[in-house]
Amino acid sequence: MHGGQEHVITPDQAGSLHGLFTERVRRTPEAVAYRFFDAAHNQWVSLTWAQVRDEVGRWQAALQREGLQPGDRVGIMLRNCPQWMMFDQAALSLGLVVVLLYTVDRPDNVAYIAEDAGIKVLLFENGDQWLGLSGVSKQMTAVQRFVCLRPVAARGEERLISVDKWLPERAALQAEVRPDRHALATIMYTSGTTGRPKGVMLSHEGILWNAYASMDVFAVRQDDVFLSFLPLSHAFERTLGYYLTVMTGAQVAFARSISSLSEDLRTIRPTVLIAVPRVFERIYQAIQTRLHESSGFRQKFFRFAVGIGWARFLHQQGRGPWILDFLLWPLLQRMVAQKILAHLGGNLRVAVSGGAALPFEIAQTFLGLGLPLVQGYGLTETGPVVSGNHLDRNDPASVGEAIPGVEVRLGEQSALLVRGPSNMLGYWNNPAATAAMIDAEGWLNTGDTARITNTGHIYITGRLKEVIVMSNGEKIPPGDMEQAILRDRLFEQVMVYGEGRPYLVVLATVNPDVWVKLAQDLGVRADMPESLHDLRVERAALGRVAAQIREFPGYAKVRRVLLLDEHWSIENGLLTPTLKLKRAQVVAKYAERIENLYQGH
């Protein structure tokens, strides 16, 4: 399967996730494993695999002193950093089960997960996090030790200790406690858009197998450099950006923060980037804003360059003719494409987008600029990767073909069903939810609707649960409409609503810069919140919505718009930690104002 890739460690050679790590150390001890930014000395620092092993030995000894038994749960609530890996590997070496928590999650959610999973040791980052956690620490009865990466004042909490006091000076890494590849390795809580989060149980075998099979699509090389910034508590980043890099011996640099991402991209110049659509959307919006402010000629020139690049992409894929204009590409590349791709480091061999749908025209723009961009698909429950586009069979409208060994088919209502060795063992302590998700034959219902072509390409067409059924019986998947409306820069976040109603309405948060300009044009004051509900403003916003959803069927008409200046966030409980919209919470928060949109009709 991976011809000529002698550097790859197979699942059989690894035996377990910790076995994967020790085999990597054995093969390339002096190669650089990780790079991170040392703020104290204001410089990037490299760690070799041998150095990481020596550190894991210290973490292992500290965990051993806590007197835990194989199968006990421990939790990580850190930003991406080398210590994340060290704690994970130390825990796995002792047969412990690692539970992942989002650093941005709300304290009450963290407390729920800690109790539900019975977390014994919880590693977190700093004093700010402790402020949130200390308020719910009494609810976390199973926790016997809170470990903070930075020095922190305990103030009467005997379970709290900082890492510098917890880790021994040095300790040699001991052999793994009876590795069992079928054992539970981790519990990852999916932040449901409804109800309490559910703990997805994944085994050593399932994760190893998924990382290895994913290489059929993402052929990672030993000389690749990753920039890691998607949270490692996300299954997508953890498998492809962590275990897969150990498997191949590739190097990972940890981004400092999202705000310094563009600088880190230029410094690290990664060859592989794993991202969610939001990253590409932000760059695309920045390009559009700059174009908006430039001359008509420059706008035309940019569109011409992207058009030629897109035609070239189709020709290379065997889906379009060769045209004379391709001779201009070296010039267009130098004048347009390279300048924009430099913002991504200018060195990318492949960029992978996953976690949500990437709007087609954004994919088309980047592919037209010559960025090798592929979409993949998966769920935490499928361990996680189900499919991906190959660089030479890349259709940006699809999520690619199933990875080797994963079976896909369509069930009732065109639901995408998945069966394979990396499917979850089930939901932790929740057999009813498990039975609802996986049938007796092992088919897991993704909850997404799809179509599959004879080439094996999978096209996601909507979500089963998120279909709006209007009072006239018409069914509308809101996701596509929301993506279309977001093409207008006035709208930053959009939700289409109309469940059981006679027509659709749109709730949207506004982009402050574009709003100020629109307010000026309409002669209203942008600094007065009530201006958002001015009839002239609503009419203008409705016109802009209508322009973006022209291609949708006639019954999918939006009659009213509610503009909002407060953004939806994780903090105000309207987004999940993976930035998915909590529709029910948004509806509840604005219930009265939504009712007003239906008054008198």
# chains A, B, ... in the order shown; residues from 1 in each chain; ligands from 1
call {"tool": "select_by_dssp", "arguments": {"residues": "region 396-557 of chain A", "states": "strand (DSSP E)", "output": "JSON, numbers by chain"}}
result
{"A": [401, 402, 407, 408, 409, 410, 415, 416, 417, 418, 419, 426, 427, 444, 445, 446, 447, 448, 449, 450, 451, 452, 458, 459, 460, 461, 462, 463, 468, 469, 475, 476, 491, 492, 493, 494, 495, 496, 497, 504, 505, 506, 507, 508, 509, 510]}
call {"tool": "select_by_dssp", "arguments": {"residues": "region 102-143 of chain A", "states": "helix (DSSP H, G or I)", "output": "list in words"}}
result
Pro107, Asp108, Asn109, Val110, Ala111, Tyr112, Ile113, Ala114, Glu115, Asp116, Ala117, Gly127, Asp128, Gln129, Trp130, Leu131, Gly132, Leu133, Ser134, Ser137, Lys138 and Gln139 of chain A
call {"tool": "closest_residue", "arguments": {"among": "A:Phe302, A:Phe254, A:Tyr112, A:Tyr497", "to": "Ser46 (chain A)", "atoms": "only C-alpha atoms"}}
result
A:Phe254
call {"tool": "atom_distance", "arguments": {"atom1": "CA of Ile460 (chain A)", "atom2": "CA of Ile187 (chain A)"}}
result
26.6 Å
call {"tool": "closest_residue", "arguments": {"among": "A:Glu281, A:Asp88, A:Glu466, A:Glu482", "to": "Gln60 (chain A)", "atoms": "only C-alpha atoms"}}
result
A:Asp88
call {"tool": "residues_around", "arguments": {"residues": "region 539-549 of chain A", "least_positions_apart": "3", "cutoff": "12 Å", "atoms": "only C-alpha atoms", "output": "ChimeraX atom specification"}}
result
/A:478,480-491,494-496,504-510,514-515,518-519,521-522,532-536,552-564
call {"tool": "residues_around", "arguments": {"residues": "Val56 (chain A)", "least_positions_apart": "6", "cutoff": "12 Å", "atoms": "only C-alpha atoms", "output": "PyMOL selection string"}}
result
chain A and resi 18+21-22+25+49-50+62-63+82-94+167-168+170-176
call {"tool": "write_last_selection", "arguments": {"atoms": "C-alpha atoms", "output": "compact mmCIF listing (two decimals), in the first residue's frame"}}
result
# COMPACT_ATOMS: atom_id res chain seq x y z
CA HIS A 18 2.76 3.95 22.83
CA PHE A 21 6.14 6.14 19.76
CA THR A 22 8.90 3.86 21.14
CA VAL A 25 12.38 6.73 18.86
CA TRP A 49 12.64 11.99 19.39
CA ALA A 50 15.24 10.85 21.98
CA ALA A 62 4.87 11.20 38.04
CA LEU A 63 1.72 9.37 36.91
CA PRO A 82 5.07 19.11 23.42
CA GLN A 83 3.75 18.48 26.96
CA TRP A 84 0.42 17.42 25.43
CA MET A 85 2.24 14.52 23.68
CA MET A 86 4.39 13.72 26.70
CA PHE A 87 1.42 13.35 29.05
CA ASP A 88 -0.51 11.37 26.42
CA GLN A 89 2.36 8.93 25.79
CA ALA A 90 3.13 8.53 29.50
CA ALA A 91 -0.52 7.76 30.23
CA LEU A 92 -0.83 5.31 27.32
CA SER A 93 2.37 3.52 28.45
CA LEU A 94 0.65 2.77 31.78
CA LEU A 167 7.61 15.87 37.77
CA PRO A 168 10.76 14.17 39.09
CA ARG A 170 14.77 12.67 35.75
CA ALA A 171 13.41 9.16 35.26
CA ALA A 172 14.08 6.55 32.58
CA LEU A 173 11.10 5.45 30.50
CA GLN A 174 9.88 2.03 31.71
CA ALA A 175 8.50 -0.65 29.39
CA GLU A 176 4.81 -0.42 28.55
call {"tool": "residues_around", "arguments": {"residues": "Phe37 (chain A)", "least_positions_apart": "6", "cutoff": "10 Å", "atoms": "only C-alpha atoms", "output": "PDB file with N, CA and C atoms, in the first residue's frame"}}
result
ATOM      1  N   GLN A  43      12.445  32.475  21.308  1.00  0.00           N
ATOM      2  CA  GLN A  43      12.991  31.760  20.145  1.00  0.00           C
ATOM      3  C   GLN A  43      12.315  30.402  19.960  1.00  0.00           C
ATOM      4  N   TRP A  44      12.419  29.872  18.736  1.00  0.00           N
ATOM      5  CA  TRP A  44      11.899  28.537  18.429  1.00  0.00           C
ATOM      6  C   TRP A  44      12.910  27.495  18.896  1.00  0.00           C
ATOM      7  N   VAL A  45      12.418  26.445  19.538  1.00  0.00           N
ATOM      8  CA  VAL A  45      13.272  25.381  20.094  1.00  0.00           C
ATOM      9  C   VAL A  45      12.877  24.051  19.458  1.00  0.00           C
ATOM     10  N   SER A  46      13.877  23.212  19.185  1.00  0.00           N
ATOM     11  CA  SER A  46      13.607  21.883  18.608  1.00  0.00           C
ATOM     12  C   SER A  46      13.851  20.783  19.636  1.00  0.00           C
ATOM     13  N   CYS A  81       1.033  21.566  22.420  1.00  0.00           N
ATOM     14  CA  CYS A  81       2.409  21.822  22.863  1.00  0.00           C
ATOM     15  C   CYS A  81       3.073  20.462  23.087  1.00  0.00           C
ATOM     16  N   ALA A 253       5.593  21.452  14.132  1.00  0.00           N
ATOM     17  CA  ALA A 253       5.832  22.706  14.857  1.00  0.00           C
ATOM     18  C   ALA A 253       4.498  23.163  15.428  1.00  0.00           C
ATOM     19  N   PHE A 254       4.500  23.578  16.693  1.00  0.00           N
ATOM     20  CA  PHE A 254       3.260  24.024  17.340  1.00  0.00           C
ATOM     21  C   PHE A 254       3.104  25.531  17.182  1.00  0.00           C
ATOM     22  N   ALA A 255       2.011  25.943  16.547  1.00  0.00           N
ATOM     23  CA  ALA A 255       1.756  27.377  16.386  1.00  0.00           C
ATOM     24  C   ALA A 255       1.588  28.013  17.751  1.00  0.00           C
ATOM     25  N   ARG A 256       1.994  29.283  17.877  1.00  0.00           N
ATOM     26  CA  ARG A 256       1.900  29.971  19.171  1.00  0.00           C
ATOM     27  C   ARG A 256       0.440  30.239  19.535  1.00  0.00           C
ATOM     28  N   ASP A 264       3.571  32.652  12.077  1.00  0.00           N
ATOM     29  CA  ASP A 264       4.124  31.298  12.251  1.00  0.00           C
ATOM     30  C   ASP A 264       4.199  30.555  10.918  1.00  0.00           C
TER      31      ASP A 264
END
call {"tool": "atom_distance", "arguments": {"atom1": "CA of Val152 (chain A)", "atom2": "CA of Met77 (chain A)"}}
result
15.6 Å
call {"tool": "atom_distance", "arguments": {"atom1": "CA of Arg24 (chain A)", "atom2": "CA of Gly249 (chain A)"}}
result
6.8 Å
call {"tool": "closest_residue", "arguments": {"among": "A:Trp209, A:Phe313, A:Tyr459, A:Phe304", "to": "Gly388 (chain A)", "atoms": "only C-alpha atoms"}}
result
A:Tyr459
call {"tool": "residues_around", "arguments": {"residues": "Leu244 (chain A)", "least_positions_apart": "3", "cutoff": "9 Å", "atoms": "only C-alpha atoms", "output": "number ranges by chain"}}
result
A: 208, 211-212, 214-215, 220, 238-241, 247-250
